[in-house]
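A.B. asks: The file below is model_4.cif, mmCIF, C-alpha atoms and all ligand atoms:
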```cif
data_query
#
loop_
_atom_site.group_PDB
_atom_site.id
_atom_site.type_symbol
_atom_site.label_atom_id
_atom_site.label_comp_id
_atom_site.auth_asym_id
_atom_site.auth_seq_id
_atom_site.Cartn_x
_atom_site.Cartn_y
_atom_site.Cartn_z
ATOM 1 C CA MET A 1 -19.954 -13.681 -11.153
ATOM 2 C CA ARG A 2 -19.935 -17.128 -12.764
ATOM 3 C CA THR A 3 -21.347 -20.104 -10.898
ATOM 4 C CA MET A 4 -20.271 -23.687 -11.259
ATOM 5 C CA SER A 5 -22.253 -25.973 -9.074
ATOM 6 C CA SER A 6 -23.020 -29.581 -8.653
ATOM 7 C CA SER A 7 -24.334 -30.125 -5.134
ATOM 8 C CA THR A 8 -25.453 -28.172 -2.092
ATOM 9 C CA SER A 9 -22.847 -27.529 0.499
ATOM 10 C CA SER A 10 -23.269 -27.472 4.240
ATOM 11 C CA LYS A 11 -20.224 -25.929 5.913
ATOM 12 C CA GLY A 12 -20.752 -22.334 4.776
ATOM 13 C CA ILE A 13 -18.820 -20.008 2.510
ATOM 14 C CA ALA A 14 -15.038 -20.006 2.098
ATOM 15 C CA ALA A 15 -13.801 -16.974 0.145
ATOM 16 C CA ILE A 16 -10.360 -17.437 -1.365
ATOM 17 C CA VAL A 17 -8.948 -14.130 -2.625
ATOM 18 C CA GLY A 18 -6.039 -14.327 -5.075
ATOM 19 C CA VAL A 19 -6.574 -17.590 -6.904
ATOM 20 C CA GLY A 20 -3.947 -18.463 -9.475
ATOM 21 C CA PRO A 21 -2.573 -21.789 -10.680
ATOM 22 C CA LYS A 22 -0.393 -22.441 -7.640
ATOM 23 C CA LEU A 23 -1.430 -22.158 -4.012
ATOM 24 C CA GLY A 24 -4.757 -20.356 -4.507
ATOM 25 C CA ARG A 25 -6.249 -23.093 -6.647
ATOM 26 C CA SER A 26 -5.101 -25.829 -4.248
ATOM 27 C CA VAL A 27 -6.532 -24.007 -1.242
ATOM 28 C CA ALA A 28 -9.849 -23.531 -3.050
ATOM 29 C CA ARG A 29 -9.907 -27.212 -3.943
ATOM 30 C CA LYS A 30 -9.200 -28.196 -0.334
ATOM 31 C CA PHE A 31 -12.086 -26.147 1.034
ATOM 32 C CA ALA A 32 -14.402 -27.480 -1.670
ATOM 33 C CA HIS A 33 -13.322 -31.004 -0.785
ATOM 34 C CA GLU A 34 -14.124 -30.357 2.879
ATOM 35 C CA GLY A 35 -17.689 -29.381 2.006
ATOM 36 C CA TYR A 36 -17.575 -25.593 1.871
ATOM 37 C CA THR A 37 -19.249 -23.511 -0.799
ATOM 38 C CA VAL A 38 -16.270 -21.745 -2.290
ATOM 39 C CA ALA A 39 -15.968 -18.266 -3.800
ATOM 40 C CA ILE A 40 -12.731 -17.832 -5.731
ATOM 41 C CA LEU A 41 -11.591 -14.321 -6.561
ATOM 42 C CA ALA A 42 -8.881 -12.749 -8.747
ATOM 43 C CA ARG A 43 -8.654 -10.412 -11.742
ATOM 44 C CA ASP A 44 -8.677 -12.930 -14.590
ATOM 45 C CA LEU A 45 -12.312 -14.057 -14.671
ATOM 46 C CA GLY A 46 -11.780 -16.382 -17.651
ATOM 47 C CA ARG A 47 -9.109 -18.374 -15.839
ATOM 48 C CA LEU A 48 -11.067 -18.298 -12.572
ATOM 49 C CA SER A 49 -14.125 -19.707 -14.338
ATOM 50 C CA ARG A 50 -12.053 -22.603 -15.671
ATOM 51 C CA PHE A 51 -10.736 -23.299 -12.158
ATOM 52 C CA ALA A 52 -14.275 -23.072 -10.739
ATOM 53 C CA ASP A 53 -15.559 -25.514 -13.340
ATOM 54 C CA GLU A 54 -12.725 -27.959 -12.686
ATOM 55 C CA ILE A 55 -13.014 -27.831 -8.874
ATOM 56 C CA ALA A 56 -16.829 -28.042 -8.902
ATOM 57 C CA ARG A 57 -16.704 -31.090 -11.159
ATOM 58 C CA GLU A 58 -13.936 -32.910 -9.317
ATOM 59 C CA GLU A 59 -15.042 -32.114 -5.762
ATOM 60 C CA LYS A 60 -18.798 -32.071 -6.387
ATOM 61 C CA ALA A 61 -19.021 -28.678 -4.738
ATOM 62 C CA GLN A 62 -20.510 -25.260 -5.379
ATOM 63 C CA VAL A 63 -17.829 -22.904 -6.654
ATOM 64 C CA PHE A 64 -18.365 -19.263 -7.631
ATOM 65 C CA ALA A 65 -15.861 -17.277 -9.681
ATOM 66 C CA ILE A 66 -15.895 -13.550 -8.878
ATOM 67 C CA ARG A 67 -13.662 -10.862 -10.330
ATOM 68 C CA ILE A 68 -11.750 -8.647 -7.913
ATOM 69 C CA ASP A 69 -8.851 -6.239 -8.136
ATOM 70 C CA CYS A 70 -7.486 -6.031 -4.610
ATOM 71 C CA SER A 71 -5.613 -2.827 -5.395
ATOM 72 C CA ASP A 72 -8.934 -1.051 -6.001
ATOM 73 C CA SER A 73 -11.181 -0.531 -2.963
ATOM 74 C CA ARG A 74 -14.303 -0.151 -5.118
ATOM 75 C CA SER A 75 -13.622 -3.451 -6.848
ATOM 76 C CA VAL A 76 -13.193 -5.127 -3.430
ATOM 77 C CA ARG A 77 -16.517 -3.715 -2.202
ATOM 78 C CA GLU A 78 -18.359 -4.829 -5.334
ATOM 79 C CA ALA A 79 -16.797 -8.280 -5.288
ATOM 80 C CA PHE A 80 -17.753 -8.793 -1.647
ATOM 81 C CA GLU A 81 -21.330 -7.755 -2.313
ATOM 82 C CA GLY A 82 -21.330 -10.861 -4.499
ATOM 83 C CA VAL A 83 -19.561 -13.012 -1.900
ATOM 84 C CA LEU A 84 -21.789 -11.912 0.988
ATOM 85 C CA SER A 85 -24.912 -12.507 -1.118
ATOM 86 C CA LEU A 86 -23.988 -16.211 -1.040
ATOM 87 C CA GLY A 87 -24.282 -16.341 2.750
ATOM 88 C CA PHE A 88 -22.163 -16.025 5.867
ATOM 89 C CA VAL A 89 -18.430 -16.133 5.145
ATOM 90 C CA GLU A 90 -16.999 -18.721 7.541
ATOM 91 C CA VAL A 91 -13.486 -18.483 6.118
ATOM 92 C CA LEU A 92 -11.533 -15.795 4.284
ATOM 93 C CA VAL A 93 -8.153 -16.726 2.836
ATOM 94 C CA TYR A 94 -6.204 -13.715 1.576
ATOM 95 C CA ASN A 95 -3.666 -15.020 -0.922
ATOM 96 C CA ALA A 96 -3.361 -12.270 -3.561
ATOM 97 C CA TYR A 97 0.186 -12.117 -4.778
ATOM 98 C CA GLN A 98 1.892 -9.824 -7.252
ATOM 99 C CA PRO A 99 4.801 -11.915 -8.550
ATOM 100 C CA VAL A 100 8.246 -10.378 -8.301
ATOM 101 C CA SER A 101 11.338 -11.023 -10.372
ATOM 102 C CA TRP A 102 13.826 -13.545 -9.014
ATOM 103 C CA HIS A 103 16.475 -10.942 -9.625
ATOM 104 C CA PRO A 104 17.027 -8.222 -7.031
ATOM 105 C CA SER A 105 16.347 -4.625 -8.068
ATOM 106 C CA ASN A 106 18.654 -1.732 -7.297
ATOM 107 C CA PHE A 107 16.763 0.362 -4.798
ATOM 108 C CA ALA A 108 17.394 3.505 -6.862
ATOM 109 C CA ASP A 109 15.596 1.875 -9.813
ATOM 110 C CA VAL A 110 12.431 0.903 -7.912
ATOM 111 C CA ARG A 111 9.581 3.081 -9.133
ATOM 112 C CA VAL A 112 7.299 4.461 -6.467
ATOM 113 C CA ASP A 113 4.160 3.364 -8.351
ATOM 114 C CA SER A 114 5.473 -0.189 -8.404
ATOM 115 C CA PHE A 115 6.291 0.003 -4.677
ATOM 116 C CA GLU A 116 2.814 1.361 -3.930
ATOM 117 C CA LYS A 117 1.211 -1.357 -6.068
ATOM 118 C CA SER A 118 2.965 -4.039 -4.054
ATOM 119 C CA LEU A 119 1.683 -2.542 -0.792
ATOM 120 C CA ALA A 120 -1.766 -2.164 -2.334
ATOM 121 C CA VAL A 121 -2.005 -5.840 -3.303
ATOM 122 C CA SER A 122 -0.211 -7.382 -0.322
ATOM 123 C CA THR A 123 -1.616 -5.231 2.454
ATOM 124 C CA VAL A 124 -4.251 -2.640 1.556
ATOM 125 C CA GLY A 125 -6.263 -5.283 -0.311
ATOM 126 C CA ALA A 126 -6.088 -7.547 2.740
ATOM 127 C CA PHE A 127 -7.285 -4.673 4.914
ATOM 128 C CA HIS A 128 -10.296 -4.051 2.631
ATOM 129 C CA CYS A 129 -11.217 -7.730 2.357
ATOM 130 C CA ALA A 130 -10.999 -8.233 6.140
ATOM 131 C CA GLN A 131 -13.237 -5.199 6.680
ATOM 132 C CA GLN A 132 -15.871 -6.770 4.423
ATOM 133 C CA VAL A 133 -16.182 -10.008 6.401
ATOM 134 C CA LEU A 134 -15.338 -9.071 10.003
ATOM 135 C CA PRO A 135 -18.668 -7.415 10.923
ATOM 136 C CA GLY A 136 -20.536 -10.637 10.075
ATOM 137 C CA MET A 137 -17.997 -12.777 11.915
ATOM 138 C CA VAL A 138 -18.177 -10.603 15.034
ATOM 139 C CA GLU A 139 -21.967 -10.665 14.941
ATOM 140 C CA ARG A 140 -21.944 -14.461 14.905
ATOM 141 C CA GLY A 141 -18.941 -14.823 17.226
ATOM 142 C CA ARG A 142 -17.102 -17.104 14.825
ATOM 143 C CA GLY A 143 -15.101 -17.181 11.619
ATOM 144 C CA THR A 144 -11.553 -17.599 10.383
ATOM 145 C CA ILE A 145 -9.239 -15.328 8.408
ATOM 146 C CA LEU A 146 -5.995 -16.713 7.014
ATOM 147 C CA PHE A 147 -3.307 -14.582 5.381
ATOM 148 C CA THR A 148 -0.517 -16.144 3.338
ATOM 149 C CA GLY A 149 3.007 -14.844 3.660
ATOM 150 C CA CYS A 150 6.473 -15.936 2.606
ATOM 151 C CA SER A 151 10.077 -15.817 3.791
ATOM 152 C CA ALA A 152 10.045 -12.089 2.983
ATOM 153 C CA SER A 153 7.383 -11.592 5.672
ATOM 154 C CA LEU A 154 10.112 -12.040 8.281
ATOM 155 C CA ASN A 155 13.375 -10.919 6.727
ATOM 156 C CA GLY A 156 14.287 -7.852 4.734
ATOM 157 C CA ILE A 157 16.191 -8.968 1.643
ATOM 158 C CA ALA A 158 18.527 -6.729 -0.373
ATOM 159 C CA GLY A 159 16.886 -5.864 -3.672
ATOM 160 C CA PHE A 160 13.371 -6.951 -2.650
ATOM 161 C CA SER A 161 12.005 -3.893 -0.836
ATOM 162 C CA GLU A 162 8.629 -4.025 -2.627
ATOM 163 C CA LEU A 163 7.951 -7.638 -1.711
ATOM 164 C CA CYS A 164 9.320 -7.400 1.835
ATOM 165 C CA CYS A 165 7.503 -4.186 2.792
ATOM 166 C CA GLY A 166 4.158 -5.479 1.502
ATOM 167 C CA LYS A 167 4.575 -8.817 3.235
ATOM 168 C CA PHE A 168 5.889 -7.364 6.531
ATOM 169 C CA ALA A 169 2.887 -5.047 6.697
ATOM 170 C CA LEU A 170 0.503 -7.919 5.978
ATOM 171 C CA ARG A 171 1.993 -9.819 8.901
ATOM 172 C CA ALA A 172 1.548 -6.784 11.151
ATOM 173 C CA LEU A 173 -2.076 -6.469 10.055
ATOM 174 C CA SER A 174 -2.620 -10.161 10.819
ATOM 175 C CA GLN A 175 -1.237 -9.805 14.331
ATOM 176 C CA CYS A 176 -3.317 -6.709 15.055
ATOM 177 C CA LEU A 177 -6.498 -8.422 13.866
ATOM 178 C CA ALA A 178 -5.707 -11.634 15.725
ATOM 179 C CA ARG A 179 -5.320 -9.745 19.000
ATOM 180 C CA GLU A 180 -8.371 -7.555 18.477
ATOM 181 C CA PHE A 181 -10.790 -10.218 17.284
ATOM 182 C CA GLN A 182 -9.758 -13.412 19.046
ATOM 183 C CA PRO A 183 -11.745 -12.385 22.172
ATOM 184 C CA MET A 184 -14.795 -12.087 19.889
ATOM 185 C CA GLY A 185 -14.461 -15.631 18.623
ATOM 186 C CA VAL A 186 -12.752 -14.854 15.297
ATOM 187 C CA HIS A 187 -9.588 -16.792 14.518
ATOM 188 C CA VAL A 188 -6.961 -14.887 12.538
ATOM 189 C CA ALA A 189 -3.709 -16.526 11.445
ATOM 190 C CA HIS A 190 -0.775 -15.619 9.249
ATOM 191 C CA VAL A 191 0.834 -18.581 7.505
ATOM 192 C CA ILE A 192 4.406 -18.247 6.298
ATOM 193 C CA ILE A 193 5.259 -20.441 3.336
ATOM 194 C CA ASP A 194 9.004 -20.610 3.715
ATOM 195 C CA GLY A 195 10.014 -22.087 0.363
ATOM 196 C CA VAL A 196 9.164 -22.096 -3.316
ATOM 197 C CA VAL A 197 5.710 -23.327 -4.351
ATOM 198 C CA GLY A 198 5.652 -25.890 -7.144
ATOM 199 C CA PRO A 199 7.387 -29.008 -8.351
ATOM 200 C CA PRO A 200 11.133 -29.316 -7.888
ATOM 201 C CA ARG A 201 13.244 -27.961 -10.723
ATOM 202 C CA PRO A 202 16.743 -29.066 -11.698
ATOM 203 C CA PHE A 203 19.187 -28.175 -8.961
ATOM 204 C CA ARG A 204 21.364 -26.146 -11.334
ATOM 205 C CA PHE A 205 18.453 -23.869 -12.190
ATOM 206 C CA ILE A 206 17.579 -23.378 -8.548
ATOM 207 C CA HIS A 207 21.172 -22.759 -7.619
ATOM 208 C CA ILE A 208 21.730 -20.156 -10.316
ATOM 209 C CA ARG A 209 18.478 -18.294 -9.670
ATOM 210 C CA LEU A 210 18.657 -18.319 -5.883
ATOM 211 C CA ALA A 211 22.388 -17.787 -5.598
ATOM 212 C CA ASP A 212 22.001 -14.672 -7.740
ATOM 213 C CA SER A 213 19.157 -13.340 -5.692
ATOM 214 C CA PHE A 214 20.081 -14.431 -2.197
ATOM 215 C CA PRO A 215 23.890 -14.634 -2.074
ATOM 216 C CA ARG A 216 23.935 -15.166 1.683
ATOM 217 C CA LEU A 217 21.165 -17.762 1.813
ATOM 218 C CA PRO A 218 22.355 -20.997 3.425
ATOM 219 C CA LYS A 219 22.634 -23.791 0.885
ATOM 220 C CA VAL A 220 20.213 -25.963 2.792
ATOM 221 C CA SER A 221 17.328 -23.726 1.692
ATOM 222 C CA LEU A 222 18.074 -24.115 -1.993
ATOM 223 C CA ASN A 223 16.064 -27.289 -2.331
ATOM 224 C CA SER A 224 13.091 -26.160 -0.357
ATOM 225 C CA TYR A 225 10.256 -26.777 -2.806
ATOM 226 C CA LEU A 226 6.760 -27.149 -1.417
ATOM 227 C CA SER A 227 3.747 -28.724 -3.048
ATOM 228 C CA GLU A 228 0.620 -26.581 -3.270
ATOM 229 C CA SER A 229 -1.593 -29.334 -1.908
ATOM 230 C CA ALA A 230 0.657 -29.949 1.121
ATOM 231 C CA ILE A 231 0.461 -26.259 1.981
ATOM 232 C CA ALA A 232 -3.306 -26.268 1.529
ATOM 233 C CA GLN A 233 -3.489 -29.031 4.163
ATOM 234 C CA LYS A 234 -1.535 -26.839 6.571
ATOM 235 C CA LEU A 235 -3.841 -23.898 5.949
ATOM 236 C CA GLU A 236 -6.775 -26.083 6.819
ATOM 237 C CA PHE A 237 -4.982 -27.041 10.046
ATOM 238 C CA ASN A 238 -4.891 -23.328 10.834
ATOM 239 C CA LEU A 239 -8.643 -23.248 10.947
ATOM 240 C CA PHE A 240 -8.374 -24.886 14.316
ATOM 241 C CA GLU A 241 -4.923 -24.128 15.698
ATOM 242 C CA ASP A 242 -2.945 -20.954 16.399
ATOM 243 C CA THR A 243 0.379 -20.775 14.555
ATOM 244 C CA GLY A 244 1.868 -18.292 16.973
ATOM 245 C CA ASN A 245 3.127 -16.196 14.048
HETATM 246 N N1 LIG A 301 5.019 -18.892 -5.520
HETATM 247 C C1 LIG A 301 5.882 -19.179 -4.557
HETATM 248 O O1 LIG A 301 6.910 -19.830 -4.796
HETATM 249 C C2 LIG A 301 5.611 -18.746 -3.140
HETATM 250 C C3 LIG A 301 6.566 -19.016 -2.146
HETATM 251 C C4 LIG A 301 6.306 -18.660 -0.831
HETATM 252 C C5 LIG A 301 5.114 -18.038 -0.505
HETATM 253 N N2 LIG A 301 4.209 -17.780 -1.490
HETATM 254 C C6 LIG A 301 2.966 -17.089 -1.112
HETATM 255 O O2 LIG A 301 1.853 -17.886 -1.488
HETATM 256 C C7 LIG A 301 0.776 -17.026 -1.836
HETATM 257 C C8 LIG A 301 0.262 -17.395 -3.211
HETATM 258 O O3 LIG A 301 1.308 -17.319 -4.180
HETATM 259 P P1 LIG A 301 1.306 -18.247 -5.498
HETATM 260 O O4 LIG A 301 2.548 -17.948 -6.232
HETATM 261 O O5 LIG A 301 1.028 -19.644 -5.089
HETATM 262 O O6 LIG A 301 0.130 -17.632 -6.345
HETATM 263 P P2 LIG A 301 -1.297 -18.257 -6.775
HETATM 264 O O7 LIG A 301 -2.022 -18.724 -5.581
HETATM 265 O O8 LIG A 301 -1.115 -19.182 -7.910
HETATM 266 O O9 LIG A 301 -1.995 -16.958 -7.363
HETATM 267 C C9 LIG A 301 -2.105 -15.739 -6.695
HETATM 268 C C10 LIG A 301 -2.966 -14.887 -7.577
HETATM 269 O O10 LIG A 301 -3.145 -13.599 -6.995
HETATM 270 C C11 LIG A 301 -3.795 -12.851 -8.017
HETATM 271 N N3 LIG A 301 -3.575 -11.430 -7.888
HETATM 272 C C12 LIG A 301 -2.459 -10.713 -8.130
HETATM 273 N N4 LIG A 301 -2.718 -9.416 -8.036
HETATM 274 C C13 LIG A 301 -4.029 -9.303 -7.719
HETATM 275 C C14 LIG A 301 -4.914 -8.205 -7.522
HETATM 276 N N5 LIG A 301 -4.495 -6.943 -7.641
HETATM 277 N N6 LIG A 301 -6.191 -8.466 -7.221
HETATM 278 C C15 LIG A 301 -6.646 -9.722 -7.128
HETATM 279 N N7 LIG A 301 -5.875 -10.810 -7.315
HETATM 280 C C16 LIG A 301 -4.583 -10.576 -7.617
HETATM 281 C C17 LIG A 301 -3.246 -13.327 -9.372
HETATM 282 O O11 LIG A 301 -4.323 -13.695 -10.246
HETATM 283 P P3 LIG A 301 -4.877 -12.618 -11.310
HETATM 284 O O12 LIG A 301 -3.714 -12.223 -12.146
HETATM 285 O O13 LIG A 301 -5.958 -13.350 -12.060
HETATM 286 O O14 LIG A 301 -5.427 -11.481 -10.512
HETATM 287 C C18 LIG A 301 -2.435 -14.563 -8.973
HETATM 288 O O15 LIG A 301 -2.578 -15.605 -9.891
HETATM 289 C C19 LIG A 301 1.306 -15.597 -1.742
HETATM 290 O O16 LIG A 301 0.944 -15.057 -0.494
HETATM 291 C C20 LIG A 301 2.808 -15.757 -1.825
HETATM 292 O O17 LIG A 301 3.511 -14.732 -1.147
HETATM 293 C C21 LIG A 301 4.419 -18.120 -2.802
#
```
Mind converting the file's structure to structure tokens?
C.D. replies:
Amino acid sequence: MRTMSSSTSSKGIAAIVGVGPKLGRSVARKFAHEGYTVAILARDLGRLSRFADEIAREEKAQVFAIRIDCSDSRSVREAFEGVLSLGFVEVLVYNAYQPVSWHPSNFADVRVDSFEKSLAVSTVGAFHCAQQVLPGMVERGRGTILFTGCSASLNGIAGFSELCCGKFALRALSQCLAREFQPMGVHVAHVIIDGVVGPPRPFRFIHIRLADSFPRLPKVSLNSYLSESAIAQKLEFNLFEDTGN
């Protein structure tokens, strides 16, 4: 675990699992900005430490970088020993994402280990992480768990069975947890990011890539680019409001 700190925080611990350069980093920054002590987790500790340093400096917050491999239950347990040693986890954001190719795969060519890996990162990792924080949240009668999904959480897409199955199952897990733990004061939400995260790219590029992959996608969706920071704002909104997803 590497610590980057510059001031004491008051709102408690926000653990952001799956922090890369896109959404994860923006979500971590948002919680740091709002006064949480933030634990950021992913596999690449060198990159995480740079993010922690940057966020701590810019937001004057305490940020801890902790290595985790969500596809390995032992790694999740060890990482959360570190997270829980910081204090009560008020917020868990599960954002780990195994990138997939823009190009659809023939189902016959999908290797079972690759399919299992997708489920392990999207869903089994979320299951393990939620199990680490829920006992504390139930004991205190409060806490928030946010899961991030995508368009594939709702619709099966030809050639994307790995992504869709992992994301569908994550959504099911979210609903089960929301219904089980809401009466105990724990807020669980699943947030679907229905677009592409990042700055807009030239239309021709988008058209070629998406038209190849999603031949039946309505044209209106082709320009749907979303900024990481705008999505982070919406996740924060979910701390207080049910999405109904
Ligand atoms: N990118 C998009 O256009 C897009 C669109 C719609 C929805 N979303 C959703 O937004 C969320 C975040 O996606 P993002 O693209 O913005 O990524 P991101 O937040 O920049 O990074 C996610 C990080 O997850 C980490 N990760 C992958 N496998 C892991 C594992 N086994 N254990 C621990 N961490 C792991 C990776 O870091 P390490 O390699 O260091 O582990 C990766 O950088 C996902 O739920 C995704 O479905 C993304």
A.B. asks: List all protein, DNA and RNA residues that have at least one atom no more than 8 Å from any atom of ligand LIG 301 (chain A), counting only C-alpha atoms and all ligand atoms, and write them as an MDAnalysis selection string.
C.D. replies: chainID A and resid 17:26 41:45 47:48 67:72 94:99 120:122 125 147:151 167 192:198 225 228
A.B. asks: Using only C-alpha atoms, please write the residues we just selected to a file, as a CSV table (one decimal), in the coordinates of the input.
C.D. replies:
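So the final result, stored in result20.csv, reads:
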```
chain,number,residue,atom,x,y,z
A,17,VAL,CA,-8.9,-14.1,-2.6
A,18,GLY,CA,-6.0,-14.3,-5.1
A,19,VAL,CA,-6.6,-17.6,-6.9
A,20,GLY,CA,-3.9,-18.5,-9.5
A,21,PRO,CA,-2.6,-21.8,-10.7
A,22,LYS,CA,-0.4,-22.4,-7.6
A,23,LEU,CA,-1.4,-22.2,-4.0
A,24,GLY,CA,-4.8,-20.4,-4.5
A,25,ARG,CA,-6.2,-23.1,-6.6
A,26,SER,CA,-5.1,-25.8,-4.2
A,41,LEU,CA,-11.6,-14.3,-6.6
A,42,ALA,CA,-8.9,-12.7,-8.7
A,43,ARG,CA,-8.7,-10.4,-11.7
A,44,ASP,CA,-8.7,-12.9,-14.6
A,45,LEU,CA,-12.3,-14.1,-14.7
A,47,ARG,CA,-9.1,-18.4,-15.8
A,48,LEU,CA,-11.1,-18.3,-12.6
A,67,ARG,CA,-13.7,-10.9,-10.3
A,68,ILE,CA,-11.8,-8.6,-7.9
A,69,ASP,CA,-8.9,-6.2,-8.1
A,70,CYS,CA,-7.5,-6.0,-4.6
A,71,SER,CA,-5.6,-2.8,-5.4
A,72,ASP,CA,-8.9,-1.1,-6.0
A,94,TYR,CA,-6.2,-13.7,1.6
A,95,ASN,CA,-3.7,-15.0,-0.9
A,96,ALA,CA,-3.4,-12.3,-3.6
A,97,TYR,CA,0.2,-12.1,-4.8
A,98,GLN,CA,1.9,-9.8,-7.3
A,99,PRO,CA,4.8,-11.9,-8.6
A,120,ALA,CA,-1.8,-2.2,-2.3
A,121,VAL,CA,-2.0,-5.8,-3.3
A,122,SER,CA,-0.2,-7.4,-0.3
A,125,GLY,CA,-6.3,-5.3,-0.3
A,147,PHE,CA,-3.3,-14.6,5.4
A,148,THR,CA,-0.5,-16.1,3.3
A,149,GLY,CA,3.0,-14.8,3.7
A,150,CYS,CA,6.5,-15.9,2.6
A,151,SER,CA,10.1,-15.8,3.8
A,167,LYS,CA,4.6,-8.8,3.2
A,192,ILE,CA,4.4,-18.2,6.3
A,193,ILE,CA,5.3,-20.4,3.3
A,194,ASP,CA,9.0,-20.6,3.7
A,195,GLY,CA,10.0,-22.1,0.4
A,196,VAL,CA,9.2,-22.1,-3.3
A,197,VAL,CA,5.7,-23.3,-4.4
A,198,GLY,CA,5.7,-25.9,-7.1
A,225,TYR,CA,10.3,-26.8,-2.8
A,228,GLU,CA,0.6,-26.6,-3.3
```
A.B. asks: Expressed in Å to a single decimal, how great is the separation between atom CA of A:Leu84 and atom CA of A:Leu146?
C.D. replies: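 Value for the atom CA of A:Leu84-atom CA of A:Leu146 distance: 17.6 Å.
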A.B. asks: Counting only C-alpha atoms, which of A:Ile40, A:Val112, A:Ala189, A:Ile16 gets nearest to A:Ser161?
C.D. replies: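 Answer, going by the shortest atom-to-atom distance: A:Val112.
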A.B. asks: Atom CA of A:Gly156 and atom CA of A:Leu92, how far apart in Å?
C.D. replies: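 Answer for the atom CA of A:Leu92 to atom CA of A:Gly156 separation: 27.0 Å.
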A.B. asks: Would you please work out which residue, of A:Cys176, A:Val188, A:Ala28, A:Val76, is nearest to A:Ile55 when using all atoms listed in the file?
C.D. replies: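 For A:Ile55, the nearest of the given residues is A:Ala28.
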A.B. asks: Please, what distance in Å, to one decimal, runs between atom CA of A:Phe160 and atom CA of A:Arg74?
C.D. replies: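 Here the two named atoms are 28.6 Å from each other.
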A.B. asks: Starting from the PyMOL selection byres (((chain A and resi 12) around 12) and not hetatm), expand the selection into actual residues of this file and give them as a ChimeraX atom specification.
C.D. replies: /A:8-11,13-15,31-32,34-39,61-63,83-84,86-92,142-144
A.B. asks: Quick one: everything within 8 Å of A:Pro104, counting all atoms listed in the file, minus sequence neighbours fewer than 3 positions away in the same chain. Send it as JSON, numbers by chain.
C.D. replies: {"A": [101, 158, 159, 160, 213]}
A.B. asks: For the residues in the current selection, export C-alpha atoms as a tab-separated table (two decimals), keeping the file's coordinate frame.
C.D. replies:
```tsv
chain	number	residue	atom	x	y	z
A	101	SER	CA	11.34	-11.02	-10.37
A	158	ALA	CA	18.53	-6.73	-0.37
A	159	GLY	CA	16.89	-5.86	-3.67
A	160	PHE	CA	13.37	-6.95	-2.65
A	213	SER	CA	19.16	-13.34	-5.69
```
A.B. asks: So, counting only C-alpha atoms, which residue among A:Val133, A:Ser49, A:Arg140, A:Glu59 is closest to A:Ser85?
C.D. replies: A:Val133
A.B. asks: Using all atoms listed in the file, which residue out of A:Phe127, A:Phe115, A:Phe80, A:Phe181 lies closest to A:Cys165?
C.D. replies: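 Closest residue, counting all atoms listed in the file: A:Phe115.
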A.B. asks: Go through A:Leu134, A:Val100, A:Leu119, A:Gly46 one by one, measure the shortest atom-to-atom distance of each to A:Glu180 using all atoms listed in the file, and give the residue with the smallest value.
C.D. replies: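 Smallest distance to A:Glu180 is found for A:Leu134.
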